[in-house]
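See structure below.
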Amino acid sequence: MKSSRAEGGAPVASHSHIGIGDEIYQLVAEIFPICRSVAGEGVRETLRRLQREIGLTIREVPSGTQAYDWTIPREWTIRDAYIRNAAGEKVVDFKSCNLHVLNHSAPVHTKMPLSELRHHIFTLPDQPDRIPYRKSAYAESWGFCMAHERLMALPDGDYEAVIDSSLEEGSLSYGEYVHAGTSDEEVLLSAHICHPSLANDNCSGLALLTQLAKGLSGRRTRYSYRFVFAPGTIGALAWLASNEPGTKRVRHGLVVSCVGDGGGPTYKKSRRGNAVIDRAASHVLRHAAPASAILDFSPYGYDERQYCSPGFNLPVGLFQRSLFGTFPEYHTSADDLDFVRPEHLASSYAMIDAILDVIENDFTPLGTLLKGERQLGRHGLYVGGDGAPATQASNMAMLWILNFADGHHTLLDIAERAEMPFAELLATARRLQDHGLLVR
Ligand code: ZN
């Protein structure tokens with residue numbers, strides 16, 4: 001992101017972030033194999049990996065701690081899980097894919113006929129070659145997940161089911177990183193960290209925000225930026241419960257998930273519906289991609305549900321490519337490292353960067369002469385001659401800004417009204433300032 005002091009304001013070109021797409025993808029690939037859950041070593045290992053990129057603080061909340069209506073669960077440790085047939089062959093093996101075990105499953109070591117074991121096996125009959133992702137963090141149960149076609153192919157008979165796991169008192173871990181701006185007003189950027197090997201949902205969000213935080217370090221910004229990497233729902237609630245007074249400083253925020261696929265982009269508005277983040281995101285997405293979807297708030301989705309609960313009602317929206325639950329790879333073994341691509345991660349990064357640029361650089365311009373239209377030619381600003389679309393747009397940008405620079409309209413207000421990209425108007429406003437036609 002460009003700081004308010006930095007030169008620029010040019011539209012974010014998609015080709016300018018190719019390198020960043022590869023960097024984000026690399027990090028996605030590194031954290032993908034880790035078996036995360038709502039609480040346990042998987043989350044810690046992931047946070048420690050992110051810590052190598054940014055000075056992340058890892059915080060621990062003990063099991064049993066209350067976070068509003070929820071209780072921090074026990075830690076889950078998983079060592080092995082498999083189903084073995086009578087011949088001793090493993091027909092399901094956690095070590096080949098960590099989605100094979102019900103996430104947060106209780107331990108078990110039993111032998112039973114397939115007809116009985118089936119009650120503990122989850123499959124996707126509609127997508128028979130994919131392994132589903134299922135979890136049981138708040139009710140104690142045990143189970144396996146496997147491809148439906150593999151289950152159908154199993155002959156009847158007795159099978160040995162082993163889940164070598166433990167559920168013990170410990171703590172839930174979350175990570176926090178703050179980039180200090182000139183103001184203590186904050187932008188909250190949050191991604192969940194509780195899913196095992198799923199690349200888009202949500203290794204992509206974790207990796208993208210980590211690279212964004214890394215990009216901010218050493219830059220001068222107006223806002224302070226707080227990054228939260230917490231297990232879904234309970235982690236966000238734990239963060240809210242231990243930071244209630246601090247939430248008053250949050251001026252804008254985004255929950256980021258599923259940012260590596262080629263769909264969307266999708267922006268789900270905050271509960272307020274007209275917060276600056278809602279307007280900035282809608283504006284950027286409309287100009288970035290004609291197929292973008294802007295959705296109203298609903299109380300289902302990711303951690304925006306907690307940040308936007310009525311007692312907080314924070315201006316936090318959700319940025320995604322394909323909307324959760326709407327793509328067939330969602331919560332299955334097909335959400336893998338082939339499903340997310342560096343170019344999609346790069347364009348998601350560019351869009352989030354552009355949204356934050358609006359928030360960082362928006363201001364209320366005031367013209368130095370409000371009576372009558374400015375004679376642009378006299379100030380060396382009028383681009384005449386060929387009438388090409390670019391020159392027309394440049395003249396139009398100046399006219400729009402000068403007409404609305406009455407001290408009552410922000411640059412974002414003008415961008416929305418003129419239907420011109422914010423970045424273009426910002427560059428124009430800076431030129432007008434340089435020529436003495438505008439002040440802040
Ligand atoms: Zn999910």
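Residues are referred to by chain and number: the chain letter is A, B, ... according to the order shown in the structure tokens, the number counts from 1 in that chain, and ligands are numbered separately from 1 in the order shown.
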Using only C-alpha atoms, what does the table of segment 205-267 of chain A residues within 10 Å of segment 317-333 of chain A look like, with each row giving the shortest atom pair and its distance in Å to one decimal, sorted by chain and ascending number, as a tab-separated table?
residue	atom	partner	partner_atom	distance
A:Gly205	CA	A:Gln320	CA	8.9
A:His252	CA	A:Gly317	CA	8.6
A:Gly253	CA	A:Gly317	CA	6.4
A:Leu254	CA	A:Gly317	CA	5.0
A:Val255	CA	A:Leu318	CA	4.7
A:Val256	CA	A:Phe319	CA	5.1
A:Ser257	CA	A:Gln320	CA	5.6
A:Cys258	CA	A:Gln320	CA	5.4
A:Val259	CA	A:Arg321	CA	5.2
A:Gly260	CA	A:Arg321	CA	7.1
A:Asp261	CA	A:Arg321	CA	6.3
A:Gly262	CA	A:Arg321	CA	6.7
A:Gly263	CA	A:Ser322	CA	4.6
A:Gly264	CA	A:Arg321	CA	4.3
A:Pro265	CA	A:Arg321	CA	4.1
A:Thr266	CA	A:Gln320	CA	5.1
A:Tyr267	CA	A:Phe319	CA	4.8
If you run DSSP on the backbone, which residues of segment 74-318 of chain A are strand (DSSP E or B), as a ChimeraX atom specification?
/A:75-84,90-93,101,103,108-113,121-122,132,135,144-145,158-168,171-179,186-192,224-230,250-256,266-268,293-295,316-318
Selection near segment 125-142 of chain A, 10 Å with only C-alpha atoms, sequence-local residues under 3 positions removed, as a PyMOL selection string
chain A and resi 37-39+70-76+97-108+120-122+145-152+162-163+165+167+195-198+328-335
Exercise: Gly170 of chain A partners within 8 Å, only C-alpha atoms, chain neighbours under 2 positions left out, as a list of chain:residue names:
A:Gly40, A:Pro62, A:Ser63, A:Arg74, A:Glu75, A:Glu168, A:Leu172
Excluding same-chain residues fewer than 5 positions from segment 417-429 of chain A, what lies within 10 Å of it counting only C-alpha atoms, as number ranges by chain?
A: 7-12, 280, 283-284, 286-288, 354-355, 357-358, 361-363, 365, 393-402, 404-405, 411-412, 434-435, 437-440
By how many Å are atom CA of Tyr225 of chain A and atom CA of Glu186 of chain A apart?
5.5 Å
One decimal, in Å: what's the spacing between atom CA of Gly436 of chain A and atom CA of Leu369 of chain A?
10.0 Å
May I have all residues of segment 13-245 of chain A that DSSP, computed from the backbone, assigns to helix (DSSP H, G or I), given as a ChimeraX atom specification?
/A:14-31,41-51,98-100,114-120,148-152,199-216,234-242,245
Best match for closeness to ligand 1 among A:Ala281, A:Leu295, A:Leu381, A:Cys194, counting only C-alpha atoms and all ligand atoms:
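Of A:Ala281, A:Leu295, A:Leu381, A:Cys194, the one nearest ligand 1, counting only C-alpha atoms and all ligand atoms, is A:Cys194.
Here atom CA of Gly235 of chain A stands at a distance of 22.7 Å from atom CA of Arg272 of chain A.
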Compile the contact shell of Leu212 of chain A as an MDAnalysis selection string: residues with an atom at most 10 Å away, counting only C-alpha atoms, same-chain residues fewer than 2 positions apart removed.
chainID A and resid 1 20 24 54 189 206:210 214:217 227 349 352:353
Prev. selection, N, CA and C atoms, output as an mmCIF file, in the first residue's frame:
data_model
loop_
_atom_site.group_PDB
_atom_site.id
_atom_site.type_symbol
_atom_site.label_atom_id
_atom_site.label_comp_id
_atom_site.auth_asym_id
_atom_site.auth_seq_id
_atom_site.Cartn_x
_atom_site.Cartn_y
_atom_site.Cartn_z
ATOM 1 N N MET A 1 0.830 -1.196 0.000
ATOM 2 C CA MET A 1 0.000 0.000 0.000
ATOM 3 C C MET A 1 0.859 1.238 0.000
ATOM 4 N N ILE A 20 4.490 -10.636 -5.987
ATOM 5 C CA ILE A 20 3.819 -10.846 -4.702
ATOM 6 C C ILE A 20 2.943 -12.107 -4.768
ATOM 7 N N ILE A 24 3.138 -15.042 -2.009
ATOM 8 C CA ILE A 24 1.985 -15.484 -1.217
ATOM 9 C C ILE A 24 1.767 -16.980 -1.432
ATOM 10 N N ILE A 54 6.871 -11.857 9.893
ATOM 11 C CA ILE A 54 6.494 -10.624 10.598
ATOM 12 C C ILE A 54 6.602 -10.852 12.109
ATOM 13 N N LEU A 189 -7.517 -6.249 10.280
ATOM 14 C CA LEU A 189 -7.452 -7.213 9.179
ATOM 15 C C LEU A 189 -7.348 -8.599 9.793
ATOM 16 N N LEU A 206 -4.409 -16.192 5.241
ATOM 17 C CA LEU A 206 -3.304 -16.054 6.189
ATOM 18 C C LEU A 206 -2.047 -15.565 5.476
ATOM 19 N N ALA A 207 -1.763 -16.182 4.332
ATOM 20 C CA ALA A 207 -0.536 -15.848 3.606
ATOM 21 C C ALA A 207 -0.630 -14.450 2.997
ATOM 22 N N LEU A 208 -1.801 -14.104 2.454
ATOM 23 C CA LEU A 208 -1.951 -12.778 1.843
ATOM 24 C C LEU A 208 -1.793 -11.681 2.897
ATOM 25 N N LEU A 209 -2.453 -11.846 4.036
ATOM 26 C CA LEU A 209 -2.364 -10.799 5.072
ATOM 27 C C LEU A 209 -0.951 -10.719 5.656
ATOM 28 N N THR A 210 -0.270 -11.867 5.751
ATOM 29 C CA THR A 210 1.101 -11.840 6.253
ATOM 30 C C THR A 210 1.996 -11.030 5.315
ATOM 31 N N LYS A 214 3.923 -7.508 6.020
ATOM 32 C CA LYS A 214 5.350 -7.391 5.721
ATOM 33 C C LYS A 214 5.600 -6.156 4.843
ATOM 34 N N GLY A 215 4.715 -5.945 3.860
ATOM 35 C CA GLY A 215 4.845 -4.811 2.957
ATOM 36 C C GLY A 215 4.666 -3.468 3.663
ATOM 37 N N LEU A 216 3.934 -3.478 4.770
ATOM 38 C CA LEU A 216 3.669 -2.225 5.501
ATOM 39 C C LEU A 216 4.856 -1.798 6.365
ATOM 40 N N SER A 217 5.649 -2.775 6.777
ATOM 41 C CA SER A 217 6.698 -2.446 7.753
ATOM 42 C C SER A 217 7.678 -1.446 7.145
ATOM 43 N N PHE A 227 -3.409 -6.830 12.654
ATOM 44 C CA PHE A 227 -3.666 -8.117 11.998
ATOM 45 C C PHE A 227 -3.990 -9.148 13.070
ATOM 46 N N TYR A 349 -4.563 -9.424 -3.791
ATOM 47 C CA TYR A 349 -3.674 -8.516 -3.056
ATOM 48 C C TYR A 349 -3.822 -7.093 -3.606
ATOM 49 N N ILE A 352 -7.172 -5.549 -2.468
ATOM 50 C CA ILE A 352 -7.168 -5.179 -1.047
ATOM 51 C C ILE A 352 -6.276 -3.950 -0.846
ATOM 52 N N ASP A 353 -5.148 -3.954 -1.535
ATOM 53 C CA ASP A 353 -4.227 -2.825 -1.510
ATOM 54 C C ASP A 353 -4.935 -1.537 -1.967
#
Contacts of Asn274 of chain A at 10 Å or less, counting only C-alpha atoms, minus same-chain residues fewer than 5 places along, as a ChimeraX atom specification?
/A:269,279-280,296,315
Resulting file, chosen residues, C-alpha atoms, as a PDB file, in the first residue's frame:
ATOM      1  CA  LYS A 269     -20.741  -5.376   3.575  1.00  0.00           C
ATOM      2  CA  ARG A 279     -18.070   2.176   0.106  1.00  0.00           C
ATOM      3  CA  ALA A 280     -14.330   1.888  -0.566  1.00  0.00           C
ATOM      4  CA  ASP A 296     -25.429  -6.981   1.971  1.00  0.00           C
ATOM      5  CA  PRO A 315     -17.206  -1.474  10.363  1.00  0.00           C
TER       6      PRO A 315
END
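Using only C-alpha atoms and all ligand atoms for every distance, the candidate list A:Lys90, A:His192, A:Arg52, A:His119 yields A:His192 as the residue closest to ligand 1.
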Which is closest to ligand 1 among A:Thr247, A:Thr391, A:Asn200, A:Thr410, if we use only C-alpha atoms and all ligand atoms?
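When distances to ligand 1 are compared using only C-alpha atoms and all ligand atoms, the smallest one comes from A:Asn200.
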Please determine, counting only C-alpha atoms and all ligand atoms, which residue among A:Tyr307, A:Tyr300, A:Tyr174, A:Tyr223 has the shortest atom-to-atom distance to ligand 1.
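Looking only at the distances to ligand 1, the closest residue turns out to be A:Tyr300.
Using only C-alpha atoms and all ligand atoms, the smallest distance between any of A:Asp201, A:Glu176, A:Glu416, A:Asp303 and ligand 1 comes from A:Asp201.
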